[in-house]
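First comes the structure, then the notes that go with it.
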Number of protein chains: 2
Amino acid sequence: MKISLIGSGNVATHLATELFKKGNQIFQIYSKTKQNAENLAKKTNAQYIGAINELSNNADLIIISVNDQQVSLISEQIQTINPIIVHTTGSISIDILNKFPNRGVFYPFQTFSKNKPIQFSSIPFLIEANNKYVTDTLISLALTMSNNVQYANSQQRLYLHIAAVMSCNFVNHLYALSSNILSEQNLDFNLLKPLIKETTEKIEQLTPRKAQTGPAVRNDLYTINKHIEILKSKPDIKKIYATLTNNIIKMYGNK
Amino acid sequence: MKISLIGSGNVATHLATELFKKGNQIFQIYSKTKQNAENLAKKTNAQYIGAINELSNNADLIIISVNDQQVSLISEQIQTINPIIVHTTGSISIDILNKFPNRGVFYPFQTFSKNKPIQFSSIPFLIEANNKYVTDTLISLALTMSNNVQYANSQQRLYLHIAAVMSCNFVNHLYALSSNILSEQNLDFNLLKPLIKETTEKIEQLTPRKAQTGPAVRNDLYTINKHIEILKSKPDIKKIYATLTNNIIKMYGNK
């Protein structure tokens with residue numbers, strides 16, 4: 001396929017690189033971050049364009065992969081209506097692209113960091129489209145990169161995004177806070193890694209509900225109070241500790 | 001070694017089984033949960049005893065592996081002072097065992113679930129002791145099960161336990177909440193697994209601070225407000241979302 005891209009952030013970069021690797025032509029790339037866009041264009045044999053109105057109608061597909069709050073503005077500026085137009089965002093409805101006759105969503109459900117390569121083959125792709133032609137085209141394209149492609153409507157995608165924020169972004173933040181706590185005690189963050197690994201592996205065999213361990217699920221107020229007491233000097237962490245502990249106690253109170 | 005155990009919960013069970021497998025004699029087992037203790041005794045060729053005062057002075061080591069709030073009571077009841085006495089708990093000081101001439105802590109830093117076998121070789125063992133004889137004995141014993149053994153004092157262990165609660169128990173709870181959210185949308189929890197896996201693998205290459213992604217670290221208030229709005233119908237999750245999001249914004253505000 002002949003694919004143009006708007007954006008040069010983490011998602012745009014990984015996606016363009018992978019699509020190029022799979023034999024697609026990356027046609028034009030636009031981004032307000034000129035340097036990133038030029039680098040990405042170079043890497044994918046694409047043409048860097050300096051303005052959205054230079055987008056050609058000859059692309060098969062235009063992928064908008066920018067910050068959520070910019071998708072609306074960008075789609076207003078696009079005048080090329082021949083290609084299929086998609087965005088790659090979890091929390092934005094397909095309706096934001098209403099002016100385009102062939103529109104869709106192409107949502108790779110994964111966390112992308114600029115300097116970390118990623119295996120696309122297991123990334124779930126969530127597809128939405130306004131007609132069968134677009135659905136089929138996007139599913140075929142996603143299947144060239146991943147074995148895990150399915151249709152999801154805008155509401156499902158929004159909740160998926162919230163779940164991703166909780167299971168990835170918040171989880172990583174808990175790692176970051178833990179790392180700070182250990183470092184203050186002259187302990188190596190590596191000590192935590194077997195535990196982190198096991199926590200992830202456990203849910204391959206047990207539901208998260210059954211895998212729950214720790215003071216809160218045991219309603220072990222003795223330990224919880226000791227932790228709360230020692231966290232008095234770290235009010236932000238104390239608040240997170242109390243909020244999550246209370247919620248676990250509430251969830252398992254009747255187990 | 002000739003090792004007696006008090007307790008038959010997750011930690012006691014996994015530990016006794018592994019110590020037995022490594023050629024130690026499991027000597028006596030006591031637990032207030034008689035059925036569990038009898039099963040564990042059978043599995044490890046040990047003698048089940050029905051009362052703490054039946055503990056023999058002929059053991060080399062007595063391991064107290066019970067709920068945190070019971071360690072104090074149990075140690076008061078133990079009259080055998082010849083063996084080394086240890087507990088296995090993160091949040092309790094070694095001082096709780098002050099009446100024993102040879103005392104220590106033998107803390108396997110991992111999450112144990114009853115029906116999930118675990119590789120001991122990579123589990124960090126944190127050791128504390130009141131003299132060199134006990135230190136050397138406990139380190140030698142831990143090294144028969146794990147390659148990852150180190151000394152930690154009671155304060156370090158307490159903070160380690162808090163970090164474990166955050167990076168394991170809270171993380172698993174976020175998985176459980178995510179699973180509920182997806183299930184309400186007729187989406188399979190398996191969709192999240194590649195993301196969860198990547199989140200864990202990322203911190204092998206990047207610090208958690210550098211690995212942070214998501215709306216909060218981008219200060220993407222557009223998406224955050226949309227999520228908060230949709231979570232109005234789930235006030236408990238909304239509170240967790242807001243607490244963690246605010247803390248991420250605060251941490252990265254000056255990056």
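How things are named: the first chain in the structure tokens is A, the next is B, and so on; residues count from 1 in each chain; ligands count from 1 in the order shown.
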Applying 12 Å and only C-alpha atoms, which residues near Gly214 in chain A remain after dropping the ones on its own chain fewer than 2 positions away? List them as a PDB file with N, CA and C atoms, in the first residue's frame.
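Heads up, here's the output in selection_7.pdb:
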```pdb
ATOM      1  N   THR A 199       4.805 -11.658  39.184  1.00  0.00           N
ATOM      2  CA  THR A 199       3.477 -11.026  39.209  1.00  0.00           C
ATOM      3  C   THR A 199       2.846 -11.061  37.820  1.00  0.00           C
ATOM      4  N   ALA A 211      -5.060 -14.297  41.799  1.00  0.00           N
ATOM      5  CA  ALA A 211      -3.621 -14.130  42.012  1.00  0.00           C
ATOM      6  C   ALA A 211      -3.314 -13.096  43.096  1.00  0.00           C
ATOM      7  N   GLN A 212      -4.336 -12.417  43.592  1.00  0.00           N
ATOM      8  CA  GLN A 212      -4.080 -11.324  44.543  1.00  0.00           C
ATOM      9  C   GLN A 212      -3.447 -11.836  45.836  1.00  0.00           C
ATOM     10  N   ALA A 216      -3.364  -6.309  52.064  1.00  0.00           N
ATOM     11  CA  ALA A 216      -4.733  -5.813  51.905  1.00  0.00           C
ATOM     12  C   ALA A 216      -5.722  -6.961  51.695  1.00  0.00           C
ATOM     13  N   VAL A 217      -5.389  -7.914  50.825  1.00  0.00           N
ATOM     14  CA  VAL A 217      -6.330  -9.003  50.554  1.00  0.00           C
ATOM     15  C   VAL A 217      -6.484  -9.906  51.788  1.00  0.00           C
ATOM     16  N   ARG A 218      -5.455  -9.938  52.647  1.00  0.00           N
ATOM     17  CA  ARG A 218      -5.560 -10.684  53.914  1.00  0.00           C
ATOM     18  C   ARG A 218      -6.236  -9.853  55.004  1.00  0.00           C
ATOM     19  N   ASN A 219      -6.547  -8.593  54.655  1.00  0.00           N
ATOM     20  CA  ASN A 219      -7.076  -7.631  55.637  1.00  0.00           C
ATOM     21  C   ASN A 219      -6.166  -7.580  56.866  1.00  0.00           C
ATOM     22  N   ASP A 220      -4.867  -7.552  56.612  1.00  0.00           N
ATOM     23  CA  ASP A 220      -3.843  -7.585  57.654  1.00  0.00           C
ATOM     24  C   ASP A 220      -3.571  -6.149  58.116  1.00  0.00           C
ATOM     25  N   LEU A 221      -4.440  -5.649  58.981  1.00  0.00           N
ATOM     26  CA  LEU A 221      -4.374  -4.238  59.394  1.00  0.00           C
ATOM     27  C   LEU A 221      -3.099  -3.933  60.185  1.00  0.00           C
ATOM     28  N   THR A 223      -0.032  -5.000  59.533  1.00  0.00           N
ATOM     29  CA  THR A 223       1.020  -4.618  58.576  1.00  0.00           C
ATOM     30  C   THR A 223       0.654  -3.325  57.840  1.00  0.00           C
ATOM     31  N   ILE A 224      -0.599  -3.225  57.436  1.00  0.00           N
ATOM     32  CA  ILE A 224      -1.038  -2.019  56.711  1.00  0.00           C
ATOM     33  C   ILE A 224      -0.779  -0.767  57.556  1.00  0.00           C
ATOM     34  N   LEU A 244      -5.237   2.442  47.162  1.00  0.00           N
ATOM     35  CA  LEU A 244      -5.266   1.097  46.580  1.00  0.00           C
ATOM     36  C   LEU A 244      -5.571   0.039  47.636  1.00  0.00           C
ATOM     37  N   THR A 245      -5.011   0.203  48.817  1.00  0.00           N
ATOM     38  CA  THR A 245      -5.281  -0.761  49.889  1.00  0.00           C
ATOM     39  C   THR A 245      -6.771  -0.788  50.234  1.00  0.00           C
ATOM     40  N   ILE A 248      -8.675  -2.634  47.552  1.00  0.00           N
ATOM     41  CA  ILE A 248      -8.495  -4.101  47.602  1.00  0.00           C
ATOM     42  C   ILE A 248      -9.341  -4.680  48.739  1.00  0.00           C
ATOM     43  N   ILE A 249      -9.282  -4.040  49.909  1.00  0.00           N
ATOM     44  CA  ILE A 249     -10.077  -4.533  51.051  1.00  0.00           C
ATOM     45  C   ILE A 249     -11.562  -4.547  50.678  1.00  0.00           C
ATOM     46  N   TYR A 252     -12.382  -7.466  48.159  1.00  0.00           N
ATOM     47  CA  TYR A 252     -12.287  -8.835  48.660  1.00  0.00           C
ATOM     48  C   TYR A 252     -12.975  -9.009  50.006  1.00  0.00           C
TER      49      TYR A 252
ATOM     50  N   ASN B  10       1.006 -19.945  52.489  1.00  0.00           N
ATOM     51  CA  ASN B  10       1.692 -19.978  51.202  1.00  0.00           C
ATOM     52  C   ASN B  10       3.205 -20.003  51.345  1.00  0.00           C
ATOM     53  N   VAL B  11       3.756 -19.104  52.157  1.00  0.00           N
ATOM     54  CA  VAL B  11       5.213 -19.031  52.294  1.00  0.00           C
ATOM     55  C   VAL B  11       5.740 -20.293  52.958  1.00  0.00           C
ATOM     56  N   ASN B  67       1.169 -15.344  59.809  1.00  0.00           N
ATOM     57  CA  ASN B  67       0.739 -13.957  59.575  1.00  0.00           C
ATOM     58  C   ASN B  67       1.486 -12.996  60.498  1.00  0.00           C
ATOM     59  N   ASP B  68       1.754 -11.805  59.970  1.00  0.00           N
ATOM     60  CA  ASP B  68       2.585 -10.841  60.687  1.00  0.00           C
ATOM     61  C   ASP B  68       2.126 -10.620  62.131  1.00  0.00           C
ATOM     62  N   THR B  89       9.319 -12.637  57.647  1.00  0.00           N
ATOM     63  CA  THR B  89       8.411 -11.535  57.369  1.00  0.00           C
ATOM     64  C   THR B  89       9.150 -10.248  57.030  1.00  0.00           C
ATOM     65  N   GLY B  90       8.647  -9.522  56.037  1.00  0.00           N
ATOM     66  CA  GLY B  90       9.288  -8.280  55.620  1.00  0.00           C
ATOM     67  C   GLY B  90       9.174  -7.181  56.650  1.00  0.00           C
ATOM     68  N   SER B  91       8.006  -7.028  57.232  1.00  0.00           N
ATOM     69  CA  SER B  91       7.714  -5.816  58.002  1.00  0.00           C
ATOM     70  C   SER B  91       7.929  -5.939  59.501  1.00  0.00           C
ATOM     71  N   GLN B 110       9.421 -12.688  47.423  1.00  0.00           N
ATOM     72  CA  GLN B 110       8.652 -13.163  46.267  1.00  0.00           C
ATOM     73  C   GLN B 110       7.183 -13.297  46.664  1.00  0.00           C
ATOM     74  N   THR B 111       6.295 -13.353  45.672  1.00  0.00           N
ATOM     75  CA  THR B 111       4.881 -13.593  45.942  1.00  0.00           C
ATOM     76  C   THR B 111       4.580 -15.077  45.729  1.00  0.00           C
ATOM     77  N   PHE B 112       3.965 -15.675  46.711  1.00  0.00           N
ATOM     78  CA  PHE B 112       3.677 -17.108  46.646  1.00  0.00           C
ATOM     79  C   PHE B 112       2.171 -17.345  46.585  1.00  0.00           C
ATOM     80  N   SER B 113       1.728 -18.110  45.619  1.00  0.00           N
ATOM     81  CA  SER B 113       0.332 -18.530  45.582  1.00  0.00           C
ATOM     82  C   SER B 113       0.304 -20.038  45.729  1.00  0.00           C
ATOM     83  N   HIS B 161       9.490  -4.396  51.738  1.00  0.00           N
ATOM     84  CA  HIS B 161       8.139  -4.949  51.764  1.00  0.00           C
ATOM     85  C   HIS B 161       7.132  -3.949  51.192  1.00  0.00           C
ATOM     86  N   ILE B 162       7.297  -2.683  51.546  1.00  0.00           N
ATOM     87  CA  ILE B 162       6.390  -1.652  50.991  1.00  0.00           C
ATOM     88  C   ILE B 162       6.544  -1.592  49.464  1.00  0.00           C
ATOM     89  N   ALA B 163       7.781  -1.648  48.992  1.00  0.00           N
ATOM     90  CA  ALA B 163       8.007  -1.642  47.537  1.00  0.00           C
ATOM     91  C   ALA B 163       7.360  -2.868  46.890  1.00  0.00           C
ATOM     92  N   ALA B 164       7.410  -3.989  47.581  1.00  0.00           N
ATOM     93  CA  ALA B 164       6.801  -5.213  47.047  1.00  0.00           C
ATOM     94  C   ALA B 164       5.284  -5.088  46.981  1.00  0.00           C
ATOM     95  N   VAL B 165       4.702  -4.499  48.013  1.00  0.00           N
ATOM     96  CA  VAL B 165       3.252  -4.279  48.002  1.00  0.00           C
ATOM     97  C   VAL B 165       2.877  -3.424  46.791  1.00  0.00           C
ATOM     98  N   MET B 166       3.678  -2.414  46.531  1.00  0.00           N
ATOM     99  CA  MET B 166       3.356  -1.512  45.424  1.00  0.00           C
ATOM    100  C   MET B 166       3.586  -2.176  44.066  1.00  0.00           C
ATOM    101  N   SER B 167       4.719  -2.850  43.906  1.00  0.00           N
ATOM    102  CA  SER B 167       5.088  -3.388  42.591  1.00  0.00           C
ATOM    103  C   SER B 167       4.480  -4.745  42.304  1.00  0.00           C
ATOM    104  N   CYS B 168       3.890  -5.363  43.305  1.00  0.00           N
ATOM    105  CA  CYS B 168       3.266  -6.666  43.074  1.00  0.00           C
ATOM    106  C   CYS B 168       1.781  -6.623  43.432  1.00  0.00           C
ATOM    107  N   ASN B 169       1.459  -6.394  44.696  1.00  0.00           N
ATOM    108  CA  ASN B 169       0.052  -6.462  45.117  1.00  0.00           C
ATOM    109  C   ASN B 169      -0.792  -5.385  44.439  1.00  0.00           C
ATOM    110  N   PHE B 170      -0.309  -4.150  44.437  1.00  0.00           N
ATOM    111  CA  PHE B 170      -1.078  -3.073  43.806  1.00  0.00           C
ATOM    112  C   PHE B 170      -1.148  -3.266  42.288  1.00  0.00           C
ATOM    113  N   VAL B 171      -0.043  -3.691  41.723  1.00  0.00           N
ATOM    114  CA  VAL B 171      -0.007  -3.951  40.280  1.00  0.00           C
ATOM    115  C   VAL B 171      -1.040  -5.019  39.921  1.00  0.00           C
ATOM    116  N   ASN B 172      -1.061  -6.083  40.690  1.00  0.00           N
ATOM    117  CA  ASN B 172      -2.044  -7.136  40.403  1.00  0.00           C
ATOM    118  C   ASN B 172      -3.471  -6.618  40.550  1.00  0.00           C
ATOM    119  N   HIS B 173      -3.675  -5.729  41.512  1.00  0.00           N
ATOM    120  CA  HIS B 173      -5.020  -5.159  41.677  1.00  0.00           C
ATOM    121  C   HIS B 173      -5.404  -4.307  40.459  1.00  0.00           C
TER     122      HIS B 173
END
```
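The environment of Tyr151 in chain B within 9 Å, counting only C-alpha atoms and disregarding residues fewer than 6 places along the same chain, consists of Phe125, Leu126, Ile127, Glu128, Ala129, Thr135 and Ile139 of chain B.
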Original post:
Do you know which residues are at most 8 Å from Asn53 in chain A counting only C-alpha atoms, after dropping those on the same chain fewer than 6 positions away, and could you put them as a list in words?
Top reply: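 Skipping anything fewer than 6 positions along the chain leaves Gln77, Ile78 and Gln79 of chain A.
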Original post:
Which value, in Å to one decimal, gives the distance between CA of Thr137 in chain A and CA of Gln47 in chain A?
Top reply: 23.3 Å
Subject >> Interatomic distance (Å, one decimal) between CA of Gln185 in chain A and CA of Arg157 in chain B >> reply: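 Taking CA of Gln185 in chain A and CA of Arg157 in chain B, their separation equals 9.2 Å.
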Original post:
Which residue gives the smallest distance to Leu192 in chain B among B:Val149, B:Asn180, B:Thr243, B:Ile3, with only C-alpha atoms counted?
Top reply: B:Asn180
Original post:
Could you write out, as number ranges by chain, all the residues of range 148-235 of chain B that DSSP marks as helix (DSSP H, G or I)?
Top reply: B: 154-184, 189-205, 208-211, 221-233, 235
Original post:
Expressed in Å to a single decimal, how great is the separation between CA of Ile85 in chain A and CA of Lys42 in chain A?
Top reply: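 Pair CA of Ile85 in chain A / CA of Lys42 in chain A returns 22.9 Å.
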Subject >> Who sits within 6 Å of range 22-31 of chain B, only C-alpha atoms, same chain under 2 positions skipped, as a PyMOL selection string >> reply: chain B and resi 1-8+19-20+33-34+37+46-49
Output N, CA and C atoms for every residue in the selection just made, as a PDB file, in the first residue's frame.
```
ATOM      1  N   MET B   1      20.266 -29.747  57.054  1.00  0.00           N
ATOM      2  CA  MET B   1      19.875 -29.215  58.370  1.00  0.00           C
ATOM      3  C   MET B   1      18.568 -29.849  58.833  1.00  0.00           C
ATOM      4  N   LYS B   2      18.354 -29.760  60.105  1.00  0.00           N
ATOM      5  CA  LYS B   2      17.158 -30.303  60.762  1.00  0.00           C
ATOM      6  C   LYS B   2      16.282 -29.099  61.101  1.00  0.00           C
ATOM      7  N   ILE B   3      15.213 -28.951  60.335  1.00  0.00           N
ATOM      8  CA  ILE B   3      14.460 -27.694  60.375  1.00  0.00           C
ATOM      9  C   ILE B   3      13.011 -27.945  60.800  1.00  0.00           C
ATOM     10  N   SER B   4      12.552 -27.217  61.811  1.00  0.00           N
ATOM     11  CA  SER B   4      11.135 -27.258  62.187  1.00  0.00           C
ATOM     12  C   SER B   4      10.440 -25.996  61.697  1.00  0.00           C
ATOM     13  N   LEU B   5       9.136 -26.140  61.465  1.00  0.00           N
ATOM     14  CA  LEU B   5       8.375 -25.023  60.890  1.00  0.00           C
ATOM     15  C   LEU B   5       7.130 -24.728  61.694  1.00  0.00           C
ATOM     16  N   ILE B   6       6.865 -23.450  61.861  1.00  0.00           N
ATOM     17  CA  ILE B   6       5.584 -23.042  62.430  1.00  0.00           C
ATOM     18  C   ILE B   6       4.837 -22.268  61.359  1.00  0.00           C
ATOM     19  N   GLY B   7       3.706 -22.810  60.932  1.00  0.00           N
ATOM     20  CA  GLY B   7       2.938 -22.169  59.865  1.00  0.00           C
ATOM     21  C   GLY B   7       2.718 -23.146  58.732  1.00  0.00           C
ATOM     22  N   SER B   8       1.623 -22.946  58.000  1.00  0.00           N
ATOM     23  CA  SER B   8       1.359 -23.807  56.846  1.00  0.00           C
ATOM     24  C   SER B   8       0.658 -23.019  55.733  1.00  0.00           C
ATOM     25  N   LEU B  19      12.941 -26.644  50.847  1.00  0.00           N
ATOM     26  CA  LEU B  19      14.016 -27.054  51.774  1.00  0.00           C
ATOM     27  C   LEU B  19      14.125 -28.577  51.821  1.00  0.00           C
ATOM     28  N   PHE B  20      12.987 -29.238  51.785  1.00  0.00           N
ATOM     29  CA  PHE B  20      12.948 -30.703  51.768  1.00  0.00           C
ATOM     30  C   PHE B  20      13.597 -31.233  50.487  1.00  0.00           C
ATOM     31  N   THR B  33      -3.760 -24.205  61.717  1.00  0.00           N
ATOM     32  CA  THR B  33      -4.608 -24.848  60.710  1.00  0.00           C
ATOM     33  C   THR B  33      -4.163 -26.302  60.582  1.00  0.00           C
ATOM     34  N   LYS B  34      -4.763 -27.154  61.407  1.00  0.00           N
ATOM     35  CA  LYS B  34      -4.286 -28.529  61.556  1.00  0.00           C
ATOM     36  C   LYS B  34      -4.208 -29.277  60.213  1.00  0.00           C
ATOM     37  N   ALA B  37      -1.303 -28.250  58.050  1.00  0.00           N
ATOM     38  CA  ALA B  37      -0.033 -28.669  58.651  1.00  0.00           C
ATOM     39  C   ALA B  37       0.176 -30.169  58.464  1.00  0.00           C
ATOM     40  N   ALA B  46       7.682 -34.982  57.556  1.00  0.00           N
ATOM     41  CA  ALA B  46       7.894 -34.352  58.868  1.00  0.00           C
ATOM     42  C   ALA B  46       6.877 -34.871  59.874  1.00  0.00           C
ATOM     43  N   GLN B  47       7.119 -34.520  61.117  1.00  0.00           N
ATOM     44  CA  GLN B  47       6.198 -34.903  62.186  1.00  0.00           C
ATOM     45  C   GLN B  47       5.264 -33.731  62.451  1.00  0.00           C
ATOM     46  N   TYR B  48       3.976 -33.998  62.385  1.00  0.00           N
ATOM     47  CA  TYR B  48       3.029 -32.945  62.741  1.00  0.00           C
ATOM     48  C   TYR B  48       2.916 -32.889  64.257  1.00  0.00           C
ATOM     49  N   ILE B  49       3.011 -31.703  64.833  1.00  0.00           N
ATOM     50  CA  ILE B  49       2.806 -31.589  66.281  1.00  0.00           C
ATOM     51  C   ILE B  49       1.591 -30.697  66.556  1.00  0.00           C
TER      52      ILE B  49
END
```
**OP:** Go through A:Pro124, A:Pro117, A:Pro235, A:Pro108 and flag the residue nearest chain B, using only C-alpha atoms for the distances.
**Re:**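 Among A:Pro124, A:Pro117, A:Pro235, A:Pro108, it is A:Pro124 that comes nearest to chain B.
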**OP:** Name the residues in contact with Thr13 in chain A at a cut-off of 8 Å, using only C-alpha atoms, excluding same-chain residues fewer than 4 positions from it; report them as a PyMOL selection string.
**Re:** chain A and resi 8-9+17+40+114
Subject >> Nearest to chain B by atom-to-atom distance, counting only C-alpha atoms, from A:Ile96, A:Leu191, A:Leu138, A:Ile62 >> reply: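 Distance minimum relative to chain B lands on A:Leu191.
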Subject >> Which of B:Ser121, B:Asn131, B:Gln69, B:Asn153 sits closest to chain A [using only C-alpha atoms] >> reply: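 The answer is B:Gln69, which sits nearest to chain A.
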Original post:
What's the 9 Å shell around Pro101 in chain A, counting only C-alpha atoms, without same-chain residues fewer than 4 positions away, as a PyMOL selection string?
Top reply: chain A and resi 81-85+97+130
Original post:
Do you know which residues are at most 8 Å from Ser56 in chain A counting only C-alpha atoms, after dropping those on the same chain fewer than 2 positions away, and could you put them as a PyMOL selection string?
Top reply: chain A and resi 28+54+58-59+80
Based on the selection just made, write C-alpha atoms of those residues as a compact mmCIF listing (two decimals), in the first residue's frame.
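Result file is result_9.txt:
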```txt
# COMPACT_ATOMS: atom_id res chain seq x y z
CA GLN A 28 4.59 11.34 2.48
CA GLU A 54 0.82 19.22 0.34
CA ASN A 58 -2.73 9.53 -4.56
CA ALA A 59 -2.10 7.79 -1.22
CA THR A 80 -7.51 15.17 0.53
```
